[in-house]
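Visitor: First the structure, which I've put down as structure tokens, then a few questions once you've had a look.
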Amino acid sequence: MDLMRTLCGWITALLISLAAASAPGPAQADSLASFLSELTPSDLFPGAESFGPVRSDVPVSPVIKDGETVAYAFLTSDFVGTTGYSGKPIHVVAAIDMDAVLTGVKLVKHSEPIVLIGIPNSKMVALTEGYAGLDLKAEAATGGEAHDLDIISGATVTIMIIDDSLVRGGIKVARALGLGGLSPNVADGPKREVDMTQREVFDWHTMAGDGSTRRMTLDIGQINAAFADTGDQRAIKRPEPGAPDGTYIDMHLALVSVPSIGLSLLGEAEYKNLTEWLEEGEEAILLLGRGAYSFKGSGYVRGGIFDRIQLIQGDNSVRFFDKQQRRLGELATDDSPSFTELDIFKIPANSEFDPTEPFRIQLLAQRVVGAIDKTFLTFDLGYKLPEQYMLPVAAPVAVVDSASDEAAAKSALWQRIWRDKQVEIAVLGVMLLVLTAVFFFQFQATMNARAFYWFRMGYLSFTLVFLGWYANAQLSVVNLMALTASLRSGFTWDAFLMDPLVFIQWFAIAAALLFWGRGAYCGWLCPFGALQELTNKLARALKVPQWTLPWGLHERLWPLKYMIFLGLFGLSIVSMPLAETYAEIEPFKTAIILKFVRDWPFVIFALLLLLAGLFVERFYCRYLCPLGGALAIPARIRMFDWLKRYKECGSPCQTCSNECPVQAIHPTGEINPNECVNCLHCQVLYQSDTKCPVVIKQIKRRAKTGTPGPDLKIGRPPANHPNANKTPVS
């Protein structure tokens, strides 16, 4: 019977794989043409009738009215970086007329989680469409400061990315097409480069005087006056407390990737650390601050993005993530003021930043005007590297744009991500090594029941906090569906290497399936599984009654997770976005990735599953998890049966069957590898001198013969026994 079930399972999996291989490829990738097919021309220009073909030189599409081109449609992500909180681009399609004015704007696609935490998508759409009428000539003349920035509270970074992409991207399009009299940027005078051989050290006073460091100071009176000038009565009624001449913020800026400046401010040891941190083509700035207002804030702790500052140079802007920031303990200059914030920020190589050209740091000053509402003002701290640090360059270096360069850029990107996550990778590596050792030496690991119990609780807690809530390395059935889609459309490693912790876990799981089945992940490395087990242990401690489902019902509920997985897998062949939507049956995004900060139906669903798990341990894992079902399918191919059993297990002894936390042991004594989570509790019982009848019987028999038995509690004879080298029956 087991053989027939296994054969049927493999035939089903084979048929699905064949269907996936023969199915048509996935939908067209995100592109201007694909998004325009979903829009009508009048959405972007009143009265327009059609779109022309996308140009080959500049990725824009003519917007045609009465047979004439009246505007050009473009996709912001084609021209500037638009990566948001989700790690995916925010796609906006806009049209720009011959006078460099935006005539229509549409938010066409995004993956931002902010719409799931009480901010309706319609509000974001309306704000984005409000950019119609923006004059990009004025924006180019003022560096993007000719318009007021409208912020939605709770979506600061997302809205600022949309704003930046429309302004910077629109200006790039206007310059490329010569709209509104704007022409491509042409640097005046000879090209310059940083003199990397100059390493002279200066004091603070000298650098402040020659412009090596730049400063912006706002006092409390100035900031209150600035908010008063907006006319917003809510902001006026909540002035910044303190004396008018008190410091609101005193912010200083320096380009410390320039050797002389870096050595002067950081000192030789810290500058050496900086150069080791920076990759080729990357630069770094030092921001110093003191006063009542922080240029960092605290939002980056939750979202990983510093939402109060951005670097702007020409038509480009750079936002800093937490992985691009390092704290500095103190300045190396003896005559410098004291600061409460000293932070180094890395400027990525792909940001098109030129250290020899002027740039500015834009500070977003915010004021709370309600329970959840804020209003904002921006202030700029400009910087230009002094001439003494630069050398002329005879001729520009030619840049070759080719497919090989794109592949090299993708490779460099994932390699840089892996370097940035070296600590997390090392921690995960240690976790995997420890778990592997426990599995290989499971008999020794489970000798002491109490010690093993607390080891497991500690491991699961670390899995939940580190892998789950900190690193967001929760695996999902969506990963498997994406892999299948990639195999059908042309597989490349780049996309899967972008998240090193997820990639390493999948690689480890592939190996673990050969040795132990699905339990290595489900029982030890799944953050949501860990959350279920830990909450159940807490419920047991609080005397919450535990329900044991009748074996017949329990066994009939097992197939649910396989049916869910097969349904999602089949749906992914038809429509990957639709499959991702129905994959919300996994509560992982809600409970682990977004930490329950989500729209209430998702939170209620996740909490109901955890509530069920208080009474039935790992309820979701047992019956509903499609990822568990997917991993269980190849569980039968494992090479070894590692879990030791006595011939008495199941007949007559039912101890392991009754105590298995997930009821993976049949009443007849067999362990179902598809359902086992490798918690090793049965191996603890296997050696128990208080619960295992076989061990107890051995102890009693040896006690009658007078054989000393300090080792008998683990079911094996003492060291001086003639049979000491023999292992228990398995």
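Quick note on naming: the chains in the structure tokens go A, B, ... in the order shown, residues restart at 1 in each chain, and ligands are numbered from 1 in order of appearance.
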Can you check which residues of segment 244-481 of chain A DSSP gives as alpha helix (DSSP H) on the backbone and send them as an NGL selection string?
Guide: :A and (259-277 or 299-303 or 403-420 or 422-440 or 442-445 or 449-462 or 477-481)
Visitor: Dump C-alpha atoms for the selected residues as a PDB file, in the first residue's frame?
Guide:
ATOM      1  CA  PRO A 259      42.282  60.182   0.993  1.00  0.00           C
ATOM      2  CA  SER A 260      43.418  63.449   2.536  1.00  0.00           C
ATOM      3  CA  ILE A 261      39.970  64.266   3.941  1.00  0.00           C
ATOM      4  CA  GLY A 262      39.405  60.713   5.168  1.00  0.00           C
ATOM      5  CA  LEU A 263      42.787  60.467   6.883  1.00  0.00           C
ATOM      6  CA  SER A 264      42.304  63.858   8.534  1.00  0.00           C
ATOM      7  CA  LEU A 265      38.828  63.178   9.931  1.00  0.00           C
ATOM      8  CA  LEU A 266      38.896  59.424  10.512  1.00  0.00           C
ATOM      9  CA  GLY A 267      42.501  58.713  11.345  1.00  0.00           C
ATOM     10  CA  GLU A 268      44.709  56.144   9.688  1.00  0.00           C
ATOM     11  CA  ALA A 269      43.086  53.033  11.221  1.00  0.00           C
ATOM     12  CA  GLU A 270      39.481  54.056  10.496  1.00  0.00           C
ATOM     13  CA  TYR A 271      40.399  55.226   6.991  1.00  0.00           C
ATOM     14  CA  LYS A 272      41.958  51.809   6.333  1.00  0.00           C
ATOM     15  CA  ASN A 273      38.708  50.184   7.500  1.00  0.00           C
ATOM     16  CA  LEU A 274      36.808  52.481   5.158  1.00  0.00           C
ATOM     17  CA  THR A 275      38.897  51.562   2.119  1.00  0.00           C
ATOM     18  CA  GLU A 276      38.391  47.858   2.893  1.00  0.00           C
ATOM     19  CA  TRP A 277      34.623  48.426   3.171  1.00  0.00           C
ATOM     20  CA  GLY A 299      12.595  54.759  10.708  1.00  0.00           C
ATOM     21  CA  TYR A 300      15.636  52.976   9.274  1.00  0.00           C
ATOM     22  CA  VAL A 301      15.511  50.516  12.172  1.00  0.00           C
ATOM     23  CA  ARG A 302      12.114  49.260  10.954  1.00  0.00           C
ATOM     24  CA  GLY A 303      12.482  49.677   7.214  1.00  0.00           C
ATOM     25  CA  ALA A 403      24.794  42.416 -22.871  1.00  0.00           C
ATOM     26  CA  SER A 404      28.033  41.182 -21.345  1.00  0.00           C
ATOM     27  CA  ASP A 405      28.321  44.396 -19.348  1.00  0.00           C
ATOM     28  CA  GLU A 406      24.765  43.897 -18.080  1.00  0.00           C
ATOM     29  CA  ALA A 407      25.589  40.341 -17.023  1.00  0.00           C
ATOM     30  CA  ALA A 408      28.751  41.550 -15.329  1.00  0.00           C
ATOM     31  CA  ALA A 409      26.777  44.253 -13.536  1.00  0.00           C
ATOM     32  CA  LYS A 410      24.254  41.697 -12.252  1.00  0.00           C
ATOM     33  CA  SER A 411      27.063  39.435 -11.111  1.00  0.00           C
ATOM     34  CA  ALA A 412      28.781  42.319  -9.349  1.00  0.00           C
ATOM     35  CA  LEU A 413      25.501  43.230  -7.655  1.00  0.00           C
ATOM     36  CA  TRP A 414      24.846  39.840  -6.093  1.00  0.00           C
ATOM     37  CA  GLN A 415      28.489  39.506  -5.122  1.00  0.00           C
ATOM     38  CA  ARG A 416      28.307  42.863  -3.360  1.00  0.00           C
ATOM     39  CA  ILE A 417      25.128  41.760  -1.569  1.00  0.00           C
ATOM     40  CA  TRP A 418      26.905  38.631  -0.342  1.00  0.00           C
ATOM     41  CA  ARG A 419      29.831  40.706   0.915  1.00  0.00           C
ATOM     42  CA  ASP A 420      27.448  43.049   2.729  1.00  0.00           C
ATOM     43  CA  GLN A 422      28.961  38.296   5.540  1.00  0.00           C
ATOM     44  CA  VAL A 423      27.977  38.325   9.218  1.00  0.00           C
ATOM     45  CA  GLU A 424      24.489  36.946   8.554  1.00  0.00           C
ATOM     46  CA  ILE A 425      25.906  34.289   6.233  1.00  0.00           C
ATOM     47  CA  ALA A 426      28.441  33.252   8.858  1.00  0.00           C
ATOM     48  CA  VAL A 427      25.727  32.965  11.541  1.00  0.00           C
ATOM     49  CA  LEU A 428      23.554  30.860   9.249  1.00  0.00           C
ATOM     50  CA  GLY A 429      26.559  28.687   8.446  1.00  0.00           C
ATOM     51  CA  VAL A 430      27.120  28.034  12.145  1.00  0.00           C
ATOM     52  CA  MET A 431      23.427  27.195  12.592  1.00  0.00           C
ATOM     53  CA  LEU A 432      23.596  24.656   9.765  1.00  0.00           C
ATOM     54  CA  LEU A 433      26.800  23.106  11.090  1.00  0.00           C
ATOM     55  CA  VAL A 434      25.333  22.741  14.580  1.00  0.00           C
ATOM     56  CA  LEU A 435      22.142  21.187  13.217  1.00  0.00           C
ATOM     57  CA  THR A 436      24.123  18.797  11.015  1.00  0.00           C
ATOM     58  CA  ALA A 437      26.191  17.712  14.023  1.00  0.00           C
ATOM     59  CA  VAL A 438      23.025  17.102  16.049  1.00  0.00           C
ATOM     60  CA  PHE A 439      21.584  14.919  13.305  1.00  0.00           C
ATOM     61  CA  PHE A 440      24.767  12.935  12.752  1.00  0.00           C
ATOM     62  CA  GLN A 442      21.630  12.300  17.463  1.00  0.00           C
ATOM     63  CA  PHE A 443      22.155   9.457  19.961  1.00  0.00           C
ATOM     64  CA  GLN A 444      24.673  11.488  21.942  1.00  0.00           C
ATOM     65  CA  ALA A 445      22.709  14.744  21.525  1.00  0.00           C
ATOM     66  CA  ALA A 449      16.382  14.848  27.935  1.00  0.00           C
ATOM     67  CA  ARG A 450      16.369  18.146  29.831  1.00  0.00           C
ATOM     68  CA  ALA A 451      19.507  19.506  28.175  1.00  0.00           C
ATOM     69  CA  PHE A 452      18.221  18.570  24.724  1.00  0.00           C
ATOM     70  CA  TYR A 453      14.837  20.176  25.418  1.00  0.00           C
ATOM     71  CA  TRP A 454      16.413  23.537  26.278  1.00  0.00           C
ATOM     72  CA  PHE A 455      18.829  23.253  23.368  1.00  0.00           C
ATOM     73  CA  ARG A 456      15.885  22.813  21.020  1.00  0.00           C
ATOM     74  CA  MET A 457      13.952  25.706  22.557  1.00  0.00           C
ATOM     75  CA  GLY A 458      17.018  27.931  22.236  1.00  0.00           C
ATOM     76  CA  TYR A 459      17.613  26.882  18.628  1.00  0.00           C
ATOM     77  CA  LEU A 460      13.985  27.518  17.663  1.00  0.00           C
ATOM     78  CA  SER A 461      14.049  30.899  19.396  1.00  0.00           C
ATOM     79  CA  PHE A 462      17.151  31.867  17.428  1.00  0.00           C
ATOM     80  CA  VAL A 477       6.237  27.898  -1.671  1.00  0.00           C
ATOM     81  CA  VAL A 478       6.446  30.986  -3.900  1.00  0.00           C
ATOM     82  CA  ASN A 479      10.201  30.348  -4.154  1.00  0.00           C
ATOM     83  CA  LEU A 480       9.494  26.968  -5.714  1.00  0.00           C
ATOM     84  CA  MET A 481       6.934  28.410  -8.122  1.00  0.00           C
TER      85      MET A 481
END
Visitor: Would you list the contacts of Ile162 of chain A as a compact mmCIF listing (two decimals) with N, CA and C atoms, in the first residue's frame, taking every protein, DNA or RNA residue within 9 Å and counting only C-alpha atoms, but skipping same-chain residues closer than 4 positions in sequence?
Guide:
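What follows is the written file result-v3.txt:
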# COMPACT_ATOMS: atom_id res chain seq x y z
N THR A 76 9.39 55.19 -15.54
CA THR A 76 10.41 55.80 -14.68
C THR A 76 11.56 54.85 -14.38
N THR A 82 14.29 52.88 -8.86
CA THR A 82 13.01 53.08 -8.17
C THR A 82 12.75 52.00 -7.13
N ILE A 90 9.32 50.34 -8.15
CA ILE A 90 8.01 50.98 -8.19
C ILE A 90 7.84 51.52 -9.61
N HIS A 91 6.94 50.95 -10.38
CA HIS A 91 6.80 51.30 -11.79
C HIS A 91 5.74 52.39 -11.97
N VAL A 92 6.14 53.49 -12.57
CA VAL A 92 5.24 54.60 -12.88
C VAL A 92 5.40 54.95 -14.35
N LEU A 107 0.46 55.18 -11.74
CA LEU A 107 1.17 54.17 -10.95
C LEU A 107 0.69 52.82 -11.44
N THR A 128 0.01 60.03 -6.92
CA THR A 128 0.89 59.90 -8.08
C THR A 128 0.31 60.62 -9.29
N VAL A 157 9.05 57.08 2.53
CA VAL A 157 10.07 56.67 1.57
C VAL A 157 9.46 56.33 0.22
N THR A 158 8.36 55.61 0.23
CA THR A 158 7.72 55.21 -1.03
C THR A 158 7.33 56.43 -1.85
N LEU A 166 9.88 60.52 -10.85
CA LEU A 166 9.18 61.34 -11.83
C LEU A 166 9.99 62.59 -12.19
N VAL A 167 10.57 63.23 -11.19
CA VAL A 167 11.32 64.46 -11.45
C VAL A 167 12.63 64.14 -12.17
Visitor: Just the number, please: distance in Å from atom CA of Pro241 of chain A to atom CA of Glu341 of chain A, one decimal.
Guide: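 So the two atoms, atom CA of Pro241 of chain A and atom CA of Glu341 of chain A, lie 20.7 Å apart.
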Visitor: Which residue, A:Gly669, A:Phe596, A:Glu193, A:Gly629, has the smallest gap to Ile564 of chain A when you use only C-alpha atoms?
Guide: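 Looking at the shortest contact to Ile564 of chain A, the residue is A:Gly629.
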Visitor: Can you list, as a list in words, every protein, DNA or RNA residue that comes within 12 Å of Phe339 of chain A when you count only C-alpha atoms, leaving out same-chain residues fewer than 5 positions away?
Guide: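 Selected residues are Ile249, Asp250, Met251, His252, Leu287, Leu288, Gly289, Arg290, Gly291, Ala292, Ser294, Leu328, Gly329, Glu330 and Leu331 of chain A.
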Visitor: Write out the residues from the selection above, keeping N, CA and C atoms, as a short mmCIF file (atom, residue, chain, number, x, y, z; two decimals), in the first residue's frame.
Guide:
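Contents of result_26.cif, freshly written:
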data_model
loop_
_atom_site.label_atom_id
_atom_site.label_comp_id
_atom_site.auth_asym_id
_atom_site.auth_seq_id
_atom_site.Cartn_x
_atom_site.Cartn_y
_atom_site.Cartn_z
N ILE A 249 19.33 71.74 14.47
CA ILE A 249 20.29 70.78 13.93
C ILE A 249 21.52 71.53 13.43
N ASP A 250 22.65 71.01 13.75
CA ASP A 250 23.93 71.50 13.23
C ASP A 250 24.56 70.32 12.51
N MET A 251 24.51 70.35 11.17
CA MET A 251 24.91 69.20 10.36
C MET A 251 26.13 69.55 9.52
N HIS A 252 27.12 68.66 9.52
CA HIS A 252 28.36 68.84 8.76
C HIS A 252 28.53 67.68 7.79
N LEU A 287 28.64 62.23 7.68
CA LEU A 287 27.65 63.19 8.17
C LEU A 287 27.79 63.29 9.69
N LEU A 288 27.87 64.51 10.17
CA LEU A 288 27.98 64.78 11.61
C LEU A 288 26.80 65.63 12.02
N GLY A 289 26.24 65.36 13.18
CA GLY A 289 25.08 66.13 13.61
C GLY A 289 25.01 66.29 15.11
N ARG A 290 24.37 67.35 15.52
CA ARG A 290 24.05 67.60 16.92
C ARG A 290 22.85 68.52 16.95
N GLY A 291 22.15 68.56 18.08
CA GLY A 291 20.97 69.39 18.20
C GLY A 291 19.75 68.56 18.52
N ALA A 292 18.59 69.21 18.47
CA ALA A 292 17.34 68.56 18.86
C ALA A 292 16.84 67.57 17.82
N SER A 294 17.44 64.73 14.70
CA SER A 294 18.38 63.73 14.18
C SER A 294 18.24 63.60 12.68
N LEU A 328 30.65 56.06 13.40
CA LEU A 328 32.02 56.43 13.74
C LEU A 328 32.06 56.81 15.21
N GLY A 329 33.04 56.27 15.92
CA GLY A 329 33.12 56.53 17.35
C GLY A 329 33.49 57.97 17.67
N GLU A 330 34.56 58.48 17.03
CA GLU A 330 35.00 59.84 17.28
C GLU A 330 35.85 60.31 16.11
N LEU A 331 35.99 61.63 16.01
CA LEU A 331 36.82 62.22 14.96
C LEU A 331 38.29 62.18 15.37
#
Visitor: What's the 12 Å shell around Asp57 of chain A, counting only C-alpha atoms, without same-chain residues fewer than 2 positions away, as a ChimeraX atom specification?
Guide: /A:53-55,59-61,173,176-177
Visitor: Using DSSP secondary structure from the backbone, list all strand (DSSP E) positions within segment 177-418 of chain A, as a PyMOL selection string.
Guide: chain A and resi 192-194+213-219+247-254+283-290+309-313+316-318+325-327+341-347+359-368+374-383+390-392
Visitor: In terms of the shortest atom-to-atom distance over only C-alpha atoms, which of A:Lys374, A:Lys595, A:Arg308, A:Lys109 is closest to Tyr470 of chain A?
Guide: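 Residue with the minimum atom-to-atom distance to Tyr470 of chain A: A:Lys595.
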Visitor: Give me, as an mmCIF file with C-alpha atoms, in the first residue's frame, all polymer residues having an atom no more than 10 Å from Gln654 of chain A, counting only C-alpha atoms and skipping those fewer than 5 positions away in the same chain.
Guide:
data_model
loop_
_atom_site.group_PDB
_atom_site.id
_atom_site.type_symbol
_atom_site.label_atom_id
_atom_site.label_comp_id
_atom_site.auth_asym_id
_atom_site.auth_seq_id
_atom_site.Cartn_x
_atom_site.Cartn_y
_atom_site.Cartn_z
ATOM 1 C CA GLU A 648 8.737 -3.601 20.448
ATOM 2 C CA CYS A 649 7.849 -0.101 19.144
ATOM 3 C CA GLU A 659 4.047 11.483 22.636
ATOM 4 C CA ILE A 665 4.233 7.790 14.250
ATOM 5 C CA HIS A 666 1.646 5.231 13.235
ATOM 6 C CA PRO A 667 0.019 3.141 15.962
ATOM 7 C CA THR A 668 1.881 0.199 14.450
ATOM 8 C CA GLY A 669 5.179 1.911 15.243
ATOM 9 C CA CYS A 692 10.778 3.393 27.472
ATOM 10 C CA PRO A 693 9.639 -0.142 28.523
#
Visitor: What is the atom CA of Ala365 of chain A to atom CA of Asp163 of chain A distance in Å?
Guide: 16.8 Å
Visitor: So which one's closest to Lys647 of chain A, A:Leu364, A:Glu670, A:Pro626, A:Met447? Using only C-alpha atoms, please.
Guide: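 Of the candidates, the smallest distance to Lys647 of chain A is held by A:Glu670.
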Visitor: Give me, as a list in words, all polymer residues having an atom no more than 8 Å from Ile509 of chain A, counting only C-alpha atoms and skipping those fewer than 4 positions away in the same chain.
Guide: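 Everything that qualifies: Gln505, Leu513, Arg518, Ala520 and Tyr521 of chain A.
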Visitor: For the selection you just gave me, I'd like the residues written to a file as a PDB file, in the first residue's frame, keeping N, CA and C atoms.
Guide:
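Writing done, so here's part.pdb:
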ATOM      1  N   GLN A 505      19.869  28.422   2.360  1.00  0.00           N
ATOM      2  CA  GLN A 505      18.916  27.499   2.976  1.00  0.00           C
ATOM      3  C   GLN A 505      18.372  26.496   1.960  1.00  0.00           C
ATOM      4  N   LEU A 513      17.356  16.769   2.200  1.00  0.00           N
ATOM      5  CA  LEU A 513      16.303  15.866   1.739  1.00  0.00           C
ATOM      6  C   LEU A 513      16.857  14.481   1.436  1.00  0.00           C
ATOM      7  N   ARG A 518      12.186  16.125   4.975  1.00  0.00           N
ATOM      8  CA  ARG A 518      11.805  17.531   5.110  1.00  0.00           C
ATOM      9  C   ARG A 518      11.995  18.080   6.516  1.00  0.00           C
ATOM     10  N   ALA A 520      14.431  18.496   8.484  1.00  0.00           N
ATOM     11  CA  ALA A 520      15.554  19.382   8.796  1.00  0.00           C
ATOM     12  C   ALA A 520      15.140  20.837   8.699  1.00  0.00           C
ATOM     13  N   TYR A 521      14.316  21.158   7.692  1.00  0.00           N
ATOM     14  CA  TYR A 521      13.847  22.546   7.597  1.00  0.00           C
ATOM     15  C   TYR A 521      12.600  22.761   8.449  1.00  0.00           C
TER      16      TYR A 521
END
Visitor: In Å, how far is it from atom CA of Val105 of chain A to atom CA of Glu129 of chain A?
Guide: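 Result for atom CA of Val105 of chain A versus atom CA of Glu129 of chain A: 4.9 Å, one decimal.
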